[in-house]
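run.pdb, holding PDB, C-alpha atoms:
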```
ATOM      1  CA  MET A   1     -54.623 -11.694 -57.812
ATOM      2  CA  SER A   2     -54.297 -15.266 -59.092
ATOM      3  CA  ASP A   3     -56.163 -16.410 -62.190
ATOM      4  CA  ARG A   4     -58.377 -18.647 -60.069
ATOM      5  CA  ALA A   5     -59.232 -15.847 -57.648
ATOM      6  CA  LEU A   6     -60.055 -13.500 -60.539
ATOM      7  CA  LEU A   7     -62.181 -16.148 -62.218
ATOM      8  CA  GLY A   8     -64.013 -16.800 -58.962
ATOM      9  CA  ARG A   9     -64.741 -13.093 -58.513
ATOM     10  CA  LEU A  10     -66.006 -12.700 -62.064
ATOM     11  CA  LEU A  11     -68.217 -15.791 -61.815
ATOM     12  CA  SER A  12     -69.684 -14.500 -58.550
ATOM     13  CA  GLU A  13     -70.493 -11.191 -60.236
ATOM     14  CA  ARG A  14     -72.021 -13.060 -63.175
ATOM     15  CA  ASN A  15     -74.292 -15.011 -60.818
ATOM     16  CA  GLN A  16     -75.358 -11.865 -58.972
ATOM     17  CA  PHE A  17     -75.809  -9.481 -61.899
ATOM     18  CA  SER A  18     -77.355 -11.340 -64.835
ATOM     19  CA  GLU A  19     -77.755  -8.106 -66.791
ATOM     20  CA  ARG A  20     -73.934  -7.881 -66.947
ATOM     21  CA  THR A  21     -73.464 -11.402 -68.325
ATOM     22  CA  PRO A  22     -72.190 -10.404 -71.799
ATOM     23  CA  ASP A  23     -69.652  -7.966 -70.362
ATOM     24  CA  ILE A  24     -68.437 -10.412 -67.707
ATOM     25  CA  ASP A  25     -68.172 -13.239 -70.227
ATOM     26  CA  LYS A  26     -65.989 -10.998 -72.398
ATOM     27  CA  GLN A  27     -63.764 -10.204 -69.410
ATOM     28  CA  ILE A  28     -63.354 -13.923 -68.719
ATOM     29  CA  ARG A  29     -62.536 -14.705 -72.338
ATOM     30  CA  ASP A  30     -60.087 -11.804 -72.601
ATOM     31  CA  ALA A  31     -58.325 -12.875 -69.397
ATOM     32  CA  PHE A  32     -58.122 -16.636 -69.844
ATOM     33  CA  GLU A  33     -59.103 -17.862 -73.290
ATOM     34  CA  GLN A  34     -56.485 -19.388 -75.576
ATOM     35  CA  ASN A  35     -56.849 -21.250 -78.866
ATOM     36  CA  VAL A  36     -54.946 -24.453 -78.110
ATOM     37  CA  ALA A  37     -54.826 -28.161 -78.795
ATOM     38  CA  VAL A  38     -55.610 -30.260 -75.740
ATOM     39  CA  LEU A  39     -54.105 -33.697 -75.121
ATOM     40  CA  VAL A  40     -55.642 -35.983 -72.499
ATOM     41  CA  LEU A  41     -53.835 -39.234 -71.690
ATOM     42  CA  ASP A  42     -55.332 -42.022 -69.604
ATOM     43  CA  MET A  43     -53.447 -45.138 -68.530
ATOM     44  CA  VAL A  44     -54.890 -48.543 -69.359
ATOM     45  CA  GLY A  45     -55.533 -51.294 -66.830
ATOM     46  CA  PHE A  46     -56.072 -49.482 -63.526
ATOM     47  CA  SER A  47     -58.699 -51.804 -62.045
ATOM     48  CA  ARG A  48     -57.105 -55.084 -63.122
ATOM     49  CA  LEU A  49     -53.567 -54.162 -62.099
ATOM     50  CA  THR A  50     -54.654 -52.689 -58.768
ATOM     51  CA  VAL A  51     -56.648 -55.805 -57.877
ATOM     52  CA  GLU A  52     -53.835 -58.118 -58.966
ATOM     53  CA  TYR A  53     -50.776 -56.262 -57.662
ATOM     54  CA  GLY A  54     -52.036 -53.605 -55.244
ATOM     55  CA  ILE A  55     -52.295 -49.843 -55.313
ATOM     56  CA  ILE A  56     -48.615 -49.163 -54.526
ATOM     57  CA  HIS A  57     -47.580 -51.168 -57.581
ATOM     58  CA  TYR A  58     -49.900 -49.079 -59.731
ATOM     59  CA  LEU A  59     -48.795 -45.796 -58.146
ATOM     60  CA  ALA A  60     -45.219 -46.710 -59.082
ATOM     61  CA  MET A  61     -46.399 -47.341 -62.651
ATOM     62  CA  ILE A  62     -48.114 -43.953 -62.724
ATOM     63  CA  HIS A  63     -44.862 -42.320 -61.632
ATOM     64  CA  GLN A  64     -42.941 -44.117 -64.375
ATOM     65  CA  MET A  65     -45.616 -43.183 -66.918
ATOM     66  CA  GLN A  66     -45.322 -39.518 -65.978
ATOM     67  CA  GLU A  67     -41.529 -39.595 -66.255
ATOM     68  CA  ALA A  68     -41.793 -41.184 -69.706
ATOM     69  CA  ALA A  69     -44.538 -38.878 -71.005
ATOM     70  CA  ARG A  70     -43.276 -35.529 -69.720
ATOM     71  CA  PRO A  71     -40.281 -35.194 -72.125
ATOM     72  CA  ALA A  72     -42.503 -36.129 -75.072
ATOM     73  CA  VAL A  73     -44.804 -33.236 -74.174
ATOM     74  CA  THR A  74     -42.123 -30.578 -73.740
ATOM     75  CA  ALA A  75     -40.078 -31.733 -76.763
ATOM     76  CA  ASN A  76     -43.092 -31.002 -78.972
ATOM     77  CA  GLY A  77     -43.625 -27.526 -77.539
ATOM     78  CA  GLY A  78     -46.366 -28.578 -75.151
ATOM     79  CA  THR A  79     -47.170 -27.360 -71.663
ATOM     80  CA  LEU A  80     -48.022 -29.932 -69.026
ATOM     81  CA  ILE A  81     -51.118 -28.555 -67.293
ATOM     82  CA  LYS A  82     -51.800 -31.188 -64.660
ATOM     83  CA  GLN A  83     -51.346 -34.804 -63.669
ATOM     84  CA  ASP A  84     -54.512 -36.208 -62.113
ATOM     85  CA  ALA A  85     -54.222 -39.806 -60.851
ATOM     86  CA  ASP A  86     -53.320 -41.785 -63.997
ATOM     87  CA  ASP A  87     -54.315 -38.959 -66.378
ATOM     88  CA  ILE A  88     -52.157 -36.294 -67.989
ATOM     89  CA  PHE A  89     -53.480 -33.013 -69.421
ATOM     90  CA  ALA A  90     -51.314 -30.908 -71.753
ATOM     91  CA  ILE A  91     -51.819 -28.078 -74.228
ATOM     92  CA  PHE A  92     -50.102 -27.292 -77.532
ATOM     93  CA  GLN A  93     -50.224 -24.549 -80.122
ATOM     94  CA  THR A  94     -51.462 -26.920 -82.848
ATOM     95  CA  PRO A  95     -53.145 -30.322 -83.132
ATOM     96  CA  ALA A  96     -50.144 -31.533 -85.180
ATOM     97  CA  ALA A  97     -47.837 -30.845 -82.219
ATOM     98  CA  ALA A  98     -50.258 -32.620 -79.889
ATOM     99  CA  LEU A  99     -50.468 -35.624 -82.210
ATOM    100  CA  ASP A 100     -46.683 -35.797 -82.600
ATOM    101  CA  SER A 101     -46.414 -35.671 -78.811
ATOM    102  CA  ALA A 102     -48.949 -38.490 -78.485
ATOM    103  CA  LEU A 103     -46.914 -40.642 -80.862
ATOM    104  CA  ASP A 104     -43.705 -39.859 -78.962
ATOM    105  CA  ILE A 105     -45.431 -40.738 -75.676
ATOM    106  CA  PHE A 106     -46.375 -44.161 -77.020
ATOM    107  CA  ARG A 107     -42.827 -44.659 -78.314
ATOM    108  CA  ALA A 108     -41.528 -43.816 -74.837
ATOM    109  CA  PHE A 109     -43.926 -46.358 -73.320
ATOM    110  CA  ASP A 110     -42.698 -48.984 -75.788
ATOM    111  CA  ALA A 111     -39.114 -48.247 -74.729
ATOM    112  CA  VAL A 112     -40.023 -48.650 -71.054
ATOM    113  CA  ASN A 113     -41.837 -51.893 -71.780
ATOM    114  CA  THR A 114     -38.722 -53.455 -73.315
ATOM    115  CA  VAL A 115     -36.869 -53.268 -69.978
ATOM    116  CA  VAL A 116     -39.550 -53.923 -67.345
ATOM    117  CA  PRO A 117     -41.358 -57.162 -66.493
ATOM    118  CA  PRO A 118     -44.781 -57.694 -68.126
ATOM    119  CA  GLU A 119     -46.695 -56.718 -64.983
ATOM    120  CA  ARG A 120     -45.135 -53.247 -65.225
ATOM    121  CA  ASP A 121     -45.814 -52.645 -68.915
ATOM    122  CA  ILE A 122     -47.294 -49.176 -69.480
ATOM    123  CA  TYR A 123     -50.067 -48.521 -71.980
ATOM    124  CA  GLY A 124     -52.294 -45.545 -72.539
ATOM    125  CA  CYS A 125     -55.038 -44.063 -74.665
ATOM    126  CA  ILE A 126     -55.209 -40.453 -75.813
ATOM    127  CA  GLY A 127     -57.835 -37.914 -76.819
ATOM    128  CA  ILE A 128     -56.971 -34.674 -78.624
ATOM    129  CA  GLY A 129     -59.185 -31.601 -78.994
ATOM    130  CA  TYR A 130     -58.653 -28.127 -80.440
ATOM    131  CA  GLY A 131     -60.367 -24.828 -79.794
ATOM    132  CA  GLU A 132     -60.959 -21.946 -77.438
ATOM    133  CA  THR A 133     -59.967 -23.038 -73.936
ATOM    134  CA  LEU A 134     -59.872 -21.265 -70.597
ATOM    135  CA  VAL A 135     -56.389 -21.739 -69.117
ATOM    136  CA  ILE A 136     -56.355 -21.007 -65.381
ATOM    137  CA  ASP A 137     -53.059 -20.368 -63.528
ATOM    138  CA  GLY A 138     -51.304 -22.725 -65.940
ATOM    139  CA  ASN A 139     -52.648 -25.709 -64.001
ATOM    140  CA  ASP A 140     -56.247 -26.138 -65.088
ATOM    141  CA  ILE A 141     -58.233 -25.951 -68.314
ATOM    142  CA  PHE A 142     -61.905 -25.694 -69.211
ATOM    143  CA  GLY A 143     -63.771 -25.811 -72.503
ATOM    144  CA  SER A 144     -65.938 -27.871 -74.792
ATOM    145  CA  GLU A 145     -62.921 -29.341 -76.599
ATOM    146  CA  VAL A 146     -61.377 -30.232 -73.229
ATOM    147  CA  ASN A 147     -64.543 -32.115 -72.301
ATOM    148  CA  ILE A 148     -64.674 -34.026 -75.575
ATOM    149  CA  ALA A 149     -60.940 -34.817 -75.474
ATOM    150  CA  CYS A 150     -61.438 -36.196 -71.951
ATOM    151  CA  LYS A 151     -64.301 -38.372 -73.129
ATOM    152  CA  LEU A 152     -62.261 -39.647 -76.071
ATOM    153  CA  GLY A 153     -59.101 -40.314 -74.069
ATOM    154  CA  GLU A 154     -60.609 -41.666 -70.869
ATOM    155  CA  ASP A 155     -63.682 -43.572 -72.052
ATOM    156  CA  LEU A 156     -63.668 -44.236 -75.786
ATOM    157  CA  ALA A 157     -60.108 -44.775 -77.010
ATOM    158  CA  GLY A 158     -58.707 -48.278 -76.824
ATOM    159  CA  LYS A 159     -55.261 -49.397 -75.774
ATOM    160  CA  SER A 160     -52.531 -47.393 -77.583
ATOM    161  CA  GLU A 161     -55.190 -45.556 -79.578
ATOM    162  CA  ILE A 162     -55.369 -41.851 -80.411
ATOM    163  CA  LEU A 163     -58.742 -40.224 -81.066
ATOM    164  CA  LEU A 164     -59.168 -36.643 -82.262
ATOM    165  CA  THR A 165     -62.177 -34.352 -82.185
ATOM    166  CA  SER A 166     -63.475 -33.096 -85.519
ATOM    167  CA  ALA A 167     -62.004 -29.663 -84.789
ATOM    168  CA  ALA A 168     -58.566 -31.131 -84.097
ATOM    169  CA  TYR A 169     -58.656 -33.311 -87.192
ATOM    170  CA  LEU A 170     -59.703 -30.469 -89.497
ATOM    171  CA  ALA A 171     -56.764 -28.358 -88.259
ATOM    172  CA  LEU A 172     -54.182 -31.043 -89.100
ATOM    173  CA  PRO A 173     -51.992 -30.884 -92.220
ATOM    174  CA  LEU A 174     -53.902 -33.652 -93.975
ATOM    175  CA  ASP A 175     -51.029 -34.550 -96.299
ATOM    176  CA  ARG A 176     -49.090 -35.778 -93.266
ATOM    177  CA  TYR A 177     -51.531 -37.836 -91.198
ATOM    178  CA  ILE A 178     -54.034 -40.512 -92.082
ATOM    179  CA  CYS A 179     -57.091 -40.762 -89.825
ATOM    180  CA  GLU A 180     -60.425 -42.535 -90.177
ATOM    181  CA  PRO A 181     -63.809 -41.172 -89.075
ATOM    182  CA  VAL A 182     -65.600 -42.826 -86.171
ATOM    183  CA  THR A 183     -68.870 -42.031 -84.386
ATOM    184  CA  PHE A 184     -69.691 -42.777 -80.765
ATOM    185  CA  GLY A 185     -73.082 -42.676 -79.102
ATOM    186  CA  ILE A 186     -72.873 -41.318 -75.559
ATOM    187  CA  SER A 187     -75.859 -40.373 -73.350
ATOM    188  CA  GLU A 188     -78.226 -39.802 -76.283
ATOM    189  CA  MET A 189     -75.551 -37.733 -78.013
ATOM    190  CA  GLU A 190     -73.369 -38.639 -80.977
ATOM    191  CA  ILE A 191     -69.694 -37.711 -80.950
ATOM    192  CA  ASP A 192     -67.990 -37.551 -84.352
ATOM    193  CA  ALA A 193     -64.260 -38.148 -84.037
ATOM    194  CA  TYR A 194     -61.247 -39.408 -85.953
ATOM    195  CA  ARG A 195     -58.968 -42.329 -85.162
ATOM    196  CA  TYR A 196     -55.280 -41.828 -85.968
ATOM    197  CA  VAL A 197     -54.042 -44.519 -88.367
ATOM    198  CA  ARG A 198     -50.543 -43.522 -89.421
ATOM    199  CA  SER A 199     -48.306 -40.663 -90.484
ATOM    200  CA  PHE A 200     -47.339 -40.028 -94.061
ATOM    201  CA  PHE A 201     -44.033 -38.461 -95.031
ATOM    202  CA  PRO A 202     -43.832 -37.724 -98.781
ATOM    203  CA  GLU A 203     -40.514 -38.437-100.467
ATOM    204  CA  LYS A 204     -38.326 -35.407-101.025
ATOM    205  CA  VAL A 205     -38.196 -34.164-104.586
ATOM    206  CA  LYS A 206     -34.737 -34.828-105.998
TER     207      LYS A 206
END
```
Give the structure from the file, written as structure tokens.
Amino acid sequence: MSDRALLGRLLSERNQFSERTPDIDKQIRDAFEQNVAVLVLDMVGFSRLTVEYGIIHYLAMIHQMQEAARPAVTANGGTLIKQDADDIFAIFQTPAAALDSALDIFRAFDAVNTVVPPERDIYGCIGIGYGETLVIDGNDIFGSEVNIACKLGEDLAGKSEILLTSAAYLALPLDRYICEPVTFGISEMEIDAYRYVRSFFPEKVK
């Protein structure tokens, strides 16, 4: 039975037998839950570029974006979960690996942009979360940190910006990365996050 089929069966049982909710929830967590860092990448400029150059032009840019981003995910130990329109979802063992991947993705975009005309320049924004996540069939993910990472990457981060949830930030080696706190108000709810500023590499002791 596939993960999705098993999840569907368990959720159906949960809806039918409320008295079994704690037991079914434990079965779901035992079967699918992983403690992972979640990276959500969204391309910048969809509406403007599509209006100006057409959807095929933008689809070609999405394809080039995916080809540039994919090696940066796998090289940092990440697993590409899904590519949805101009979004990429990936998971990592640690927020540090996810952040390093995000930086490598932007470096790959910069490399692409040096050899393509301006109308094909690729830019993105990234949200990173960290916590218990349901991973389904290796091609879908669900969880609170997934939701917040999506909000950060798709709606709140600016061009070439990386935003981290509080959980992701607190799990970073803080002697290596410099981030600044930011707060966003969304739908009568405040989201506390951190904006990546730069990496710090201490000098080796001689």
Excluding region 64-74 of chain A and residues on its chain fewer than 6 positions from it, collect all residues at most 10 Å away from it, counting all atoms listed in the file, and give them as a PDB file with C-alpha atoms, in the frame of the given file.
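Dumped to result25.pdb:
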```
ATOM      1  CA  LEU A  39     -54.105 -33.697 -75.121  1.00  0.00           C
ATOM      2  CA  LEU A  41     -53.835 -39.234 -71.690  1.00  0.00           C
ATOM      3  CA  MET A  43     -53.447 -45.138 -68.530  1.00  0.00           C
ATOM      4  CA  TYR A  58     -49.900 -49.079 -59.731  1.00  0.00           C
ATOM      5  CA  LEU A  80     -48.022 -29.932 -69.026  1.00  0.00           C
ATOM      6  CA  GLN A  83     -51.346 -34.804 -63.669  1.00  0.00           C
ATOM      7  CA  ASP A  86     -53.320 -41.785 -63.997  1.00  0.00           C
ATOM      8  CA  ASP A  87     -54.315 -38.959 -66.378  1.00  0.00           C
ATOM      9  CA  ILE A  88     -52.157 -36.294 -67.989  1.00  0.00           C
ATOM     10  CA  PHE A  89     -53.480 -33.013 -69.421  1.00  0.00           C
ATOM     11  CA  ALA A  90     -51.314 -30.908 -71.753  1.00  0.00           C
ATOM     12  CA  ILE A  91     -51.819 -28.078 -74.228  1.00  0.00           C
ATOM     13  CA  PHE A  92     -50.102 -27.292 -77.532  1.00  0.00           C
ATOM     14  CA  ALA A  97     -47.837 -30.845 -82.219  1.00  0.00           C
ATOM     15  CA  ALA A  98     -50.258 -32.620 -79.889  1.00  0.00           C
ATOM     16  CA  ASP A 100     -46.683 -35.797 -82.600  1.00  0.00           C
ATOM     17  CA  SER A 101     -46.414 -35.671 -78.811  1.00  0.00           C
ATOM     18  CA  ALA A 102     -48.949 -38.490 -78.485  1.00  0.00           C
ATOM     19  CA  LEU A 103     -46.914 -40.642 -80.862  1.00  0.00           C
ATOM     20  CA  ASP A 104     -43.705 -39.859 -78.962  1.00  0.00           C
ATOM     21  CA  ILE A 105     -45.431 -40.738 -75.676  1.00  0.00           C
ATOM     22  CA  PHE A 106     -46.375 -44.161 -77.020  1.00  0.00           C
ATOM     23  CA  ARG A 107     -42.827 -44.659 -78.314  1.00  0.00           C
ATOM     24  CA  ALA A 108     -41.528 -43.816 -74.837  1.00  0.00           C
ATOM     25  CA  PHE A 109     -43.926 -46.358 -73.320  1.00  0.00           C
ATOM     26  CA  ASP A 110     -42.698 -48.984 -75.788  1.00  0.00           C
ATOM     27  CA  ALA A 111     -39.114 -48.247 -74.729  1.00  0.00           C
ATOM     28  CA  VAL A 112     -40.023 -48.650 -71.054  1.00  0.00           C
ATOM     29  CA  ARG A 120     -45.135 -53.247 -65.225  1.00  0.00           C
ATOM     30  CA  ASP A 121     -45.814 -52.645 -68.915  1.00  0.00           C
ATOM     31  CA  ILE A 122     -47.294 -49.176 -69.480  1.00  0.00           C
ATOM     32  CA  TYR A 123     -50.067 -48.521 -71.980  1.00  0.00           C
ATOM     33  CA  GLY A 124     -52.294 -45.545 -72.539  1.00  0.00           C
TER      34      GLY A 124
END
```
Selected residue of minimal separation from Glu119 (chain A) among A:Leu163, A:Leu49, A:Met189, A:Val182, counting all atoms listed in the file: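 Ranked by minimum distance to Glu119 (chain A), first place goes to A:Leu49.
Among A:Val116, A:Leu59, A:Leu7, A:Met1, the residue with the shortest atom-to-atom distance to Leu134 (chain A), counting all atoms listed in the file, is A:Leu7.
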Among listed residues A:Tyr177, A:Ser166, A:Glu132, A:Gly185, nearest Val36 (chain A) (using all atoms listed in the file):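 The answer is A:Glu132, which sits nearest to Val36 (chain A).
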Two-atom distance - CA of Ser12 (chain A), CA of Ile24 (chain A) (Å):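 The value is 10.1 Å.
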Length of the CA of Ile128 (chain A) to CA of Leu172 (chain A) vector [Å]: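 Straight-line distance from CA of Ile128 (chain A) to CA of Leu172 (chain A) works out to 11.4 Å.
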Provide an axis-aligned box for all listed atoms of region 43-51 of chain A, padding each side by 3 Å; report its centre and its edge lengths in Å to one decimal, as JSON.
```
{"center_x": -56.1, "center_y": -50.5, "center_z": -63.6, "size_x": 11.3, "size_y": 16.7, "size_z": 17.5}
```
Which residues would end up in the selection if the PyMOL selection byres ((chain A and resi 146) around 9) were applied here, given that I need the answer as a PDB file with C-alpha atoms, in the coordinates of the input?
```pdb
ATOM      1  CA  ALA A  37     -54.826 -28.161 -78.795  1.00  0.00           C
ATOM      2  CA  VAL A  38     -55.610 -30.260 -75.740  1.00  0.00           C
ATOM      3  CA  LEU A  39     -54.105 -33.697 -75.121  1.00  0.00           C
ATOM      4  CA  VAL A  40     -55.642 -35.983 -72.499  1.00  0.00           C
ATOM      5  CA  ILE A 128     -56.971 -34.674 -78.624  1.00  0.00           C
ATOM      6  CA  GLY A 129     -59.185 -31.601 -78.994  1.00  0.00           C
ATOM      7  CA  TYR A 130     -58.653 -28.127 -80.440  1.00  0.00           C
ATOM      8  CA  GLY A 131     -60.367 -24.828 -79.794  1.00  0.00           C
ATOM      9  CA  THR A 133     -59.967 -23.038 -73.936  1.00  0.00           C
ATOM     10  CA  ILE A 141     -58.233 -25.951 -68.314  1.00  0.00           C
ATOM     11  CA  PHE A 142     -61.905 -25.694 -69.211  1.00  0.00           C
ATOM     12  CA  GLY A 143     -63.771 -25.811 -72.503  1.00  0.00           C
ATOM     13  CA  SER A 144     -65.938 -27.871 -74.792  1.00  0.00           C
ATOM     14  CA  GLU A 145     -62.921 -29.341 -76.599  1.00  0.00           C
ATOM     15  CA  ASN A 147     -64.543 -32.115 -72.301  1.00  0.00           C
ATOM     16  CA  ILE A 148     -64.674 -34.026 -75.575  1.00  0.00           C
ATOM     17  CA  ALA A 149     -60.940 -34.817 -75.474  1.00  0.00           C
ATOM     18  CA  CYS A 150     -61.438 -36.196 -71.951  1.00  0.00           C
ATOM     19  CA  LYS A 151     -64.301 -38.372 -73.129  1.00  0.00           C
TER      20      LYS A 151
END
```
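Considering only C-alpha atoms, the residue among A:Ser160, A:Asn139, A:Thr94, A:Ser18 positioned nearest to Gly77 (chain A) is A:Thr94.
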Matched chain/residue IDs from the PyMOL selection byres ((chain A and resi 138) around 9), as number ranges by chain: A: 3, 79-82, 135-137, 139-141
Residue with smallest distance to Asp25 (chain A) - pool A:Ile62, A:Val44, A:Leu164, A:Leu10, counting only C-alpha atoms: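 Ranked by minimum distance to Asp25 (chain A), first place goes to A:Leu10.
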